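Report on the following structure.
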Amino acid sequence: MQANFWDRNQLKLAPVFFLAPAMLLFAVYVLYPIFSSLRISFFEWDGVGEMIWIGFGNYIEMWEDDRVHTAIKNNFIWLICFLLAPPLSLALGIFLNQNLTELKFIKSLFFFPFVVSPVVVGLIFSWFYNPKYGLLDSFLEFIGLNPLAVLSNENIVTFGIIIAALWPQIAYCLILYLTGLAGLNKEIVEAAKIDGAKGWSMFWNVILPQLRPATFIAVIVSVLGALRSFDLVAIMTRGGPWGSSTVLAYEMVEQAIFNYRMGYGAALATILFLILDIYIAWFLIRVWLNEKGRL
Amino acid sequence: MFPEPIQKATFFSRGSYRIVLYFAIIVWLLPLAAVFLTSFRSLADINSGNYWGWPTEFALVENYTQIFTVTPMLKYFFNSLVITIPTVIGTLTLSSLAGYSLAKHNFRGNFLIFALFIAGNFVPAQILMIPVRNLTLSLGVYDTKMGLILFHTAFQTGFCTFFLRGFIKELPHEIVESARIDGASELRVFWNIILPLIRPALAALAVLEFTFIWNDYFWALVLVQGDEARPITLGIQALRGRWTSFWHLISAGSIVAALPPVFMFFMLQKHFIAGLTMGAVKE
């Protein structure tokens with residue numbers, strides 16, 4: 001009996017049906033908007049009126065915009081500080097990698113800032129830094145130092161926000177490293193011990209190489225976190241005082257939503273997108289190589 | 001085991017380890033403790049400047065009752081649930097279908113589609129913002145929960161497909177192959193064979209996605225304007241504007257907003273960590 005068309009071609013046709021719903025939504029909400037934003041970045045546009053083609057006008061303007069310079073500088077500070085998250089988490093992870101009964105619960109307490117919403121994290125730290133009510137300035141006064149008023153001080157405000165952001169970020173990397181440490185190959189560690197490795201050389205030559213996958217992910221998520229930072233800036237300072245704590249992602253929203261400059265906002269987003277593309281390309285190449293290795 | 005188990009150390013080291021440990025956890029939780037304490041202070045305490053001393057009276061019940069009766073917090077909380085739960089279900093449905101196909105079907109462009117899903121996932125939200133906002137407006141779902149559900153489902157499908165495709169790829173190909181030889185349709189293979197096997201991955205993703213979407217602030221800010229669709233993250237921020245000096249209520253509201261993901265995390269910690277650390281142990 002001749003099988004019908006569907007039965008004969010099922011393996012060829014099935015992917016279409018399985019992938020279509022996801023692909024369709026993804027194309028409409030992710031792929032198309034990327035290209036659309038790239039296009040908008042060449043226009044002067046308030047979002048409702050006529051779109052005026054200005055070529056690279058927005059990009060040229062950005063080149064001379066002080067707020068953009070501050071944003072890029074701050075993003076760079078975010079990046080440097082966020083790259084401290086993996087080593088700090090690793091140190092904390094090694095410290096916590098013990099077998100005491102109470103540690104199971106204490107580890108969870110270290111993890112959980114990761115699941116707390118950035119809005120709440122921002123609020124917690126705004127409260128903590130508040131010059132009038134805050135714990136930090138109360139403490140500084142108590143030990144006889146001048147209060148800092150972190151969030152209204154141009155010079156330290158970005159660091160104040162970054163510390164708040166590092167709280168969940170360290171928790172995240174800690175989860176990665178504690179899982180990595182739990183999965184260490186016991187035989188290799190024991191063998192190294194017999195060979196006389198201990199302390200620093202043990203850590204450097206035996207432990208760290210085994211933690212490489214965890215380090216890889218920890219670095220990726222930290223870089224992404226630093227470059228995409230938006231929530232805490234919006235919640236804690238709105239880029240202030242006087243634009244001193246702005247970052248690219250925040251500046252983009254400020255321009256597009258609050259100043260109705262869609263074209264300029266889109267150009268800022270494009271710059272951020274291009275910077276992140278380097279990481280996307282790097283990650284994809286890794287996945288590709290991994291894939292081929294398995295074949 | 002690295003480092004050496006503390007049980008092998010001297011009595012003195014063990015003692016100091018514990019001291020440092022407790023000190024570290026106290027410092028770690030200090031900013032949170034402040035908000036937590038404030039959430040059950042009375043207005044009188046706040047007004048008289050008693051921010052850090054022992055509360056003169058505990059207004060725990062009053063504050064948390066007020067949050068739900070005086071402010072629209074209950075509405076926000078409900079909105080968050082109505083946005084989050086359908087999104088999680090929708091995302092898992094779409095991405096398990098897509099993940100299966102990308103893992104077990106050979107066709108041209110397979111890796112390209114997979115790469116698109118991965119790449120989309122790393123893209124900064126700002127590059128999507130203006131077009132997604134316009135699209136949401138023209139679909140007539142701006143300032144509705146549906147608008148957020150649609151976008152989140154589309155965006156999160158990238159991450160979940162990446163995750164599930166990896167998980168399904170690890171499943172032995174023979175089980176799929178033998179079912180096909182027995183004449184099972186692709187839908188049946190998916191439903192009867194794949195789906196039961198990926199349950200742990202789905203559980204892990206469900207917890208993760210719940211947290212991501214519940215905690216979203218950016219997209220709510222971009223796609224929602226009024227109280228009708230406002231999720232709790234945006235609600236807290238709105239309360240801060242309207243109730244500036246009522247810090248005890250804002251604190252209580254923040255604790256309420258943080259509770260569902262924290263609760264899920266403590267209940268389902270195993271799934272949560274499994275989801276987060278996929279790929280962190282072996283390559």
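Ordering of the structure tokens sets the chain letters (A, B, ...); residue numbers start at 1 within each chain; ligands are numbered from 1 in the order shown.
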
* To do: Skip A:Arg67 itself and residues of its chain fewer than 2 positions away, then list as a list of chain:residue names all residues within 8 Å of it, counting only C-alpha atoms.
  =>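 So the residues in contact are A:Asp65, A:His69, A:Thr70, A:Ala71, A:Gly243, A:Ser244, A:Thr246, A:Glu251.
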
Selected residues written out with C-alpha atoms, as a PDB file, in the first residue's frame:
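This went into part_25.pdb:
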ATOM      1  CA  ASP A  65      28.016  64.284  23.311  1.00  0.00           C
ATOM      2  CA  HIS A  69      31.328  59.959  26.860  1.00  0.00           C
ATOM      3  CA  THR A  70      30.347  59.633  30.503  1.00  0.00           C
ATOM      4  CA  ALA A  71      28.160  56.649  29.647  1.00  0.00           C
ATOM      5  CA  GLY A 243      24.236  62.488  34.261  1.00  0.00           C
ATOM      6  CA  SER A 244      27.302  61.316  36.158  1.00  0.00           C
ATOM      7  CA  THR A 246      24.556  57.144  33.241  1.00  0.00           C
ATOM      8  CA  GLU A 251      21.182  56.896  28.079  1.00  0.00           C
TER       9      GLU A 251
END

* Asked: Looking only at the backbone, which of the residues in stretch 25-163 of chain B does DSSP tag as alpha helix (DSSP H), as an MDAnalysis selection string?
  -> chainID B and resid 25:38 43:47 60:69 73:104 110:122 125:138 145:163

* To do: Within 9 Å of stretch 14-27 of chain A, counting only C-alpha atoms, which residues show up once you throw out same-chain ones fewer than 4 positions away? Write them as a PyMOL selection string, please.
  => (chain A and resi 9-10+31-33) or (chain B and resi 91+94-102+105-107+113+117+120+150-151+153-155+157-158+161+186-187)

Same residues, C-alpha atoms, saved as an mmCIF file, in the first residue's frame:
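Below is the file selection.cif, written as the result:
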data_model
loop_
_atom_site.group_PDB
_atom_site.id
_atom_site.type_symbol
_atom_site.label_atom_id
_atom_site.label_comp_id
_atom_site.auth_asym_id
_atom_site.auth_seq_id
_atom_site.Cartn_x
_atom_site.Cartn_y
_atom_site.Cartn_z
ATOM 1 C CA ASN A 9 7.807 13.069 3.903
ATOM 2 C CA GLN A 10 7.268 13.331 7.618
ATOM 3 C CA LEU A 31 15.043 39.612 14.504
ATOM 4 C CA TYR A 32 12.923 42.201 12.756
ATOM 5 C CA PRO A 33 13.341 44.801 15.550
ATOM 6 C CA THR B 91 7.795 29.603 26.330
ATOM 7 C CA LEU B 94 7.341 26.606 21.930
ATOM 8 C CA SER B 95 10.917 25.908 22.910
ATOM 9 C CA SER B 96 10.501 22.214 23.610
ATOM 10 C CA LEU B 97 9.010 21.764 20.129
ATOM 11 C CA ALA B 98 11.780 23.842 18.563
ATOM 12 C CA GLY B 99 14.464 22.251 20.722
ATOM 13 C CA TYR B 100 13.373 18.762 19.677
ATOM 14 C CA SER B 101 13.472 19.642 16.027
ATOM 15 C CA LEU B 102 16.873 21.326 16.238
ATOM 16 C CA HIS B 105 16.039 16.532 12.761
ATOM 17 C CA ASN B 106 18.637 16.881 10.074
ATOM 18 C CA PHE B 107 17.892 19.629 7.642
ATOM 19 C CA ILE B 113 18.479 28.693 13.154
ATOM 20 C CA PHE B 117 18.229 31.672 18.814
ATOM 21 C CA GLY B 120 19.034 36.767 19.944
ATOM 22 C CA LEU B 150 3.751 38.098 23.867
ATOM 23 C CA PHE B 151 7.099 39.809 24.023
ATOM 24 C CA THR B 153 7.376 34.548 25.316
ATOM 25 C CA ALA B 154 9.147 35.454 22.081
ATOM 26 C CA PHE B 155 12.342 36.619 23.740
ATOM 27 C CA THR B 157 12.042 31.207 23.696
ATOM 28 C CA GLY B 158 15.589 31.873 22.480
ATOM 29 C CA THR B 161 15.403 26.561 22.954
ATOM 30 C CA GLU B 186 6.959 12.690 14.887
ATOM 31 C CA LEU B 187 4.345 14.205 17.145
#

* Neighbours of chain A in chain B at 7 Å, counting only C-alpha atoms, as a count of residues only -> 46

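Taking only C-alpha atoms into account, B:Phe78 lies nearest to B:Lys145 out of the set B:Lys169, B:Ala274, B:Glu174, B:Lys145.
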
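One distance worth recording is that between atom CA of A:Ser41 and atom CA of A:Arg261, which is 10.0 Å.
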
* **Distance of atom CA of B:Phe163 from atom CA of A:Val219, expressed in Å to one decimal place** =>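 We find that atom CA of A:Val219 and atom CA of B:Phe163 lie 18.7 Å from each other.
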
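Using only C-alpha atoms, the nearest neighbour of A:Ile170 within the list A:Leu90, A:Met236, A:Phe142, A:Ser245 is A:Leu90.
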